[in-house]
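J.: Next up is a structure, given as structure tokens.
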Amino acid sequence: MAGNEASVLVHHGTSLNQLPLQKFKRWHWWLLVSINIFFLLAGQCAAVLLGRYYYDKGGNSKWLATLVQTAAFPILLVPLLFVSSTLKPSTESTSSSIAVISFIYVILGVVIAGDNMLYSVGLLYLSASTYSLICATQLAFNAIFSYFINSQKFTALIFNSVVVLSLSASLIAVNDDSSGPSGLSKWKYALGFLTTLAASALYSLLLSLMQLTFQKVLKRETFAVVLDMQMYTSVVATCVAIIGLFASGEWRTLHGEMNGFAEGRTSYIMTIIGTAVSWQVCSVGVVGLIFVVSSLFSNVISTLSLALTPIASVIIFHDKMNGVKIIAMLMAIWGFATYIYQNYRDDLKARKLHSEHADGNHQFSTSYC
């Protein structure tokens with residue numbers, strides 16, 4: 001989603017041990033869910049809008065825009081240290097060697113950095129609303145990759161979602177009123193469209209690869225493990241972005257870019273810091289929802305923000321919302337809704353199986369006693 005490293009951690013399917021935490025009171029559970037939803041929605045919307053603001057006011061470094069998507073990863077040390085201190089040593093055992101896991105984290109981190117770069121290029125050449133609508137295609141790509149890599153079933157509702165989201169993106173692509181930054185040529189608009197579409201596809205591939213890693217390598221899905229993957233892949237992606245920043249020579253232009261920023265140097269620095277923090281606030285919401293509810297629910301809320309960002313961009317940046325874009329947004333919401341409904345049905349089925357399994361164990365224990 002939208003260049004969000006946090007969102008990469010979300011994968012399909014609800015494991016039986018990832019249902020809502022029973023130790024919380026109902027009001028306490030809903031409070032935690034609400035807080036994490038707010039973090040996710042506010043963080044992602046703010047990050048995308050600040051990224052567009054950075055470009056609008058004179059920023060031009062694609063590598064810096066890539067770097068800020070993961071650079072604030074130390075924020076995750078707070079929940080990671082808290083969770084690690086509450087776990088028993090036995091829960092931290094691993095079935096794979098450190099070398100294998102490290103190799104996987106490095107590969108995923110490099111791919112994440114490349115994906116973030118594609119998103120940065122897309123946001124440079126597109127308005128925030130157009131960018132978000134194209135990003136909605138990630139659900140369609142996710143369904144396809146999940147089918148081939150994770151053996152995810154391809155139902156009629158999922159097929160409907162794929163078709164509708166694809167048509168929505170096609171409407172944006174053929175829209176003559178590109179609604180990109182002023183003075184943008186058509187080939188740059190096309191480049192922004194293609195890079196954003198490619199980034200959405202690569203992001204969806206990452207989702208499936210991470211799910212495969214959890215299933216085949218880590219073989220467990222706890223809050224601490226999810227945070228570990230988030231932290232270590234972010235470290236790698238940040239290092240790659242720093243190398244790219246210096247290797248490309250863009251670091252030499254940053255001082256002039258800051259001095260020439262339309263709103264001043266202070267605004268420039270605060271925009272960079274705000275974007276980096278926003279992505280990590282979003283990531284806290286993502287992993288929080290995975291832990292408190294399920295990965296399915298987290299994915300649903302993460303994609304919901306794609307429908308909110310175009311509305312926010314119209315209010316804040318006065319993006320044009322012509323008839324074609326309105327139709328595309330409605331189609332994206334419909335495709336999103338059918339995708340959610342299918343996953344909702346799958347989640348209900350998983351909960352029913354879990355309930356029957358628990359009742360069966362209880363009856364067995366009673367008979368044994």
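Residues in the structure tokens are numbered from 1 in each chain, the chains being A, B, ... in the order shown, and ligands are numbered from 1 in the order shown.
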What lies within 7 Å of stretch 335-343 of chain A using only C-alpha atoms, ignoring chain neighbours under 3 positions off, as JSON, numbers by chain?
T.: {"A": [157, 158, 160, 161, 164, 165, 300, 331, 332, 346, 347]}
J.: Take the residues that were just selected and, keeping C-alpha atoms, output them as a tab-separated table (two decimals), in the first residue's frame.
T.:
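Output file part15.tsv is given in full below:
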```
chain	number	residue	atom	x	y	z
A	157	LEU	CA	-16.21	-12.32	-5.17
A	158	ILE	CA	-12.42	-12.13	-5.41
A	160	ASN	CA	-15.18	-9.52	-9.19
A	161	SER	CA	-12.80	-7.44	-7.07
A	164	VAL	CA	-13.51	-3.95	-10.96
A	165	LEU	CA	-10.23	-2.67	-9.53
A	300	VAL	CA	-8.97	-4.38	5.49
A	331	MET	CA	-15.54	1.33	-8.56
A	332	ALA	CA	-12.47	1.00	-6.34
A	346	ASP	CA	-13.49	-16.67	5.43
A	347	ASP	CA	-12.86	-15.16	8.85
```
J.: Per residue of stretch 202-249 of chain A within 6 Å of stretch 56-79 of chain A, what are the shortest atom pair and its distance in Å to one decimal, counting only C-alpha atoms, with rows by chain and residue number, as a tab-separated table?
T.:
```
residue	atom	partner	partner_atom	distance
A:Ser234	CA	A:Thr70	CA	5.4
A:Thr238	CA	A:Ala71	CA	5.6
A:Ala241	CA	A:Leu67	CA	5.1
A:Leu245	CA	A:Trp63	CA	5.2
```
J.: How close does each residue of stretch 63-179 of chain A get to stretch 189-200 of chain A, giving the shortest atom pair and distance in Å to one decimal for every residue with an atom at most 6 Å away, counting only C-alpha atoms, sorted by chain and residue number, as JSON lines?
T.:
```
{"residue": "A:Asp115", "atom": "CA", "partner": "A:Ala199", "partner_atom": "CA", "distance": 5.3}
{"residue": "A:Leu118", "atom": "CA", "partner": "A:Thr195", "partner_atom": "CA", "distance": 5.3}
{"residue": "A:Tyr119", "atom": "CA", "partner": "A:Thr196", "partner_atom": "CA", "distance": 5.5}
{"residue": "A:Gly122", "atom": "CA", "partner": "A:Gly192", "partner_atom": "CA", "distance": 4.0}
{"residue": "A:Tyr125", "atom": "CA", "partner": "A:Gly192", "partner_atom": "CA", "distance": 5.0}
{"residue": "A:Leu126", "atom": "CA", "partner": "A:Gly192", "partner_atom": "CA", "distance": 6.0}
{"residue": "A:Cys135", "atom": "CA", "partner": "A:Ser200", "partner_atom": "CA", "distance": 5.7}
{"residue": "A:Gln138", "atom": "CA", "partner": "A:Ser200", "partner_atom": "CA", "distance": 4.8}
```
J.: The selected residues should be written to file as a PDB file, in the first residue's frame (atoms: N, CA and C atoms).
T.:
```
ATOM      1  N   ASP A 115      10.654  -1.108  -3.946  1.00  0.00           N
ATOM      2  CA  ASP A 115       9.226  -0.831  -4.010  1.00  0.00           C
ATOM      3  C   ASP A 115       8.934   0.594  -3.554  1.00  0.00           C
ATOM      4  N   LEU A 118       9.756   3.060  -6.270  1.00  0.00           N
ATOM      5  CA  LEU A 118       8.707   3.117  -7.290  1.00  0.00           C
ATOM      6  C   LEU A 118       7.542   3.983  -6.824  1.00  0.00           C
ATOM      7  N   TYR A 119       7.157   3.814  -5.556  1.00  0.00           N
ATOM      8  CA  TYR A 119       6.090   4.640  -5.003  1.00  0.00           C
ATOM      9  C   TYR A 119       6.482   6.113  -4.987  1.00  0.00           C
ATOM     10  N   GLY A 122       6.129   7.535  -8.419  1.00  0.00           N
ATOM     11  CA  GLY A 122       4.714   7.683  -8.731  1.00  0.00           C
ATOM     12  C   GLY A 122       4.109   8.914  -8.084  1.00  0.00           C
ATOM     13  N   TYR A 125       4.933  12.317  -9.773  1.00  0.00           N
ATOM     14  CA  TYR A 125       4.286  12.671 -11.032  1.00  0.00           C
ATOM     15  C   TYR A 125       2.763  12.601 -11.002  1.00  0.00           C
ATOM     16  N   LEU A 126       2.191  12.248  -9.864  1.00  0.00           N
ATOM     17  CA  LEU A 126       0.735  12.134  -9.767  1.00  0.00           C
ATOM     18  C   LEU A 126       0.209  12.958  -8.604  1.00  0.00           C
ATOM     19  N   CYS A 135      -3.202   2.911  -6.329  1.00  0.00           N
ATOM     20  CA  CYS A 135      -2.711   1.993  -5.296  1.00  0.00           C
ATOM     21  C   CYS A 135      -3.760   0.971  -4.880  1.00  0.00           C
ATOM     22  N   GLN A 138      -3.705  -2.869  -5.567  1.00  0.00           N
ATOM     23  CA  GLN A 138      -2.900  -3.837  -4.839  1.00  0.00           C
ATOM     24  C   GLN A 138      -3.728  -5.036  -4.389  1.00  0.00           C
TER      25      GLN A 138
END
```
J.: Per residue of stretch 65-167 of chain A within 7 Å of stretch 305-314 of chain A, which atom pair is closest and at what distance in Å (one decimal), using only C-alpha atoms, listed by chain and increasing number, as JSON lines?
T.:
```
{"residue": "A:Ala128", "atom": "CA", "partner": "A:Ser313", "partner_atom": "CA", "distance": 6.0}
{"residue": "A:Ser129", "atom": "CA", "partner": "A:Pro310", "partner_atom": "CA", "distance": 3.8}
{"residue": "A:Ser132", "atom": "CA", "partner": "A:Leu306", "partner_atom": "CA", "distance": 5.4}
{"residue": "A:Leu133", "atom": "CA", "partner": "A:Leu306", "partner_atom": "CA", "distance": 6.7}
{"residue": "A:Ala136", "atom": "CA", "partner": "A:Leu306", "partner_atom": "CA", "distance": 6.4}
```
J.: Would you put the residues from that selection into a file with C-alpha atoms, as a PDB file, in the first residue's frame?
T.:
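Okay, this is what ended up in result23.pdb:
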```pdb
ATOM      1  CA  ALA A 128      -2.355  12.399  -4.151  1.00  0.00           C
ATOM      2  CA  SER A 129      -5.886  11.389  -5.157  1.00  0.00           C
ATOM      3  CA  SER A 132      -4.201   6.544  -4.041  1.00  0.00           C
ATOM      4  CA  LEU A 133      -6.768   5.308  -6.561  1.00  0.00           C
ATOM      5  CA  ALA A 136      -6.101   0.355  -4.740  1.00  0.00           C
TER       6      ALA A 136
END
```
J.: Quick one: everything within 12 Å of A:Gly256, counting only C-alpha atoms, minus sequence neighbours fewer than 3 positions away in the same chain. Send it as number ranges by chain.
T.: A: 58-61, 250-253, 259-262, 264-265, 268
J.: What is the atom CA of A:Arg52-atom CA of A:Ile37 distance in Å, reported with one decimal?
T.: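 For atom CA of A:Arg52 relative to atom CA of A:Ile37, the distance reads 22.8 Å.
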J.: Give me, please, the distance in Å between atom CA of A:Leu80 and atom CA of A:Leu227, quoted to one decimal.
T.: 6.3 Å
J.: Find the residue from A:Ser248, A:Ser185, A:Ser204, A:Thr271 that sits nearest to A:Leu50; use only C-alpha atoms when measuring.
T.: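 With only C-alpha atoms as the atom set, the closest residue is A:Thr271.
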J.: Give me the residues near A:Gly109 as a list in words, where near means some atom within 10 Å (using only C-alpha atoms) and where sequence neighbours in that chain fewer than 4 positions away do not count.
T.: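 Contacts, in chain order: Glu5, Phe103, Ile104, Tyr105, Ala113, Gly114, Asp115, Met229, Gln230, Met231, Tyr232, Thr233, Ser234, Val235, Val236, Ala237, Thr238, Cys239 and Val240 of chain A.
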J.: Just checking: using only C-alpha atoms, which residue out of A:Met321, A:Ile272, A:Ile98, A:Ile327 ends up closest to A:Tyr54?
T.: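 Comparing A:Met321, A:Ile272, A:Ile98, A:Ile327 against A:Tyr54, the winner is A:Ile272.
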J.: Using DSSP on the backbone, list every residue of stretch 87-278 of chain A that comes out as alpha helix (DSSP H), and give them as a ChimeraX atom specification.
T.: /A:98-125,128-135,138-149,156-173,186-213,223-247,254-259,265-278
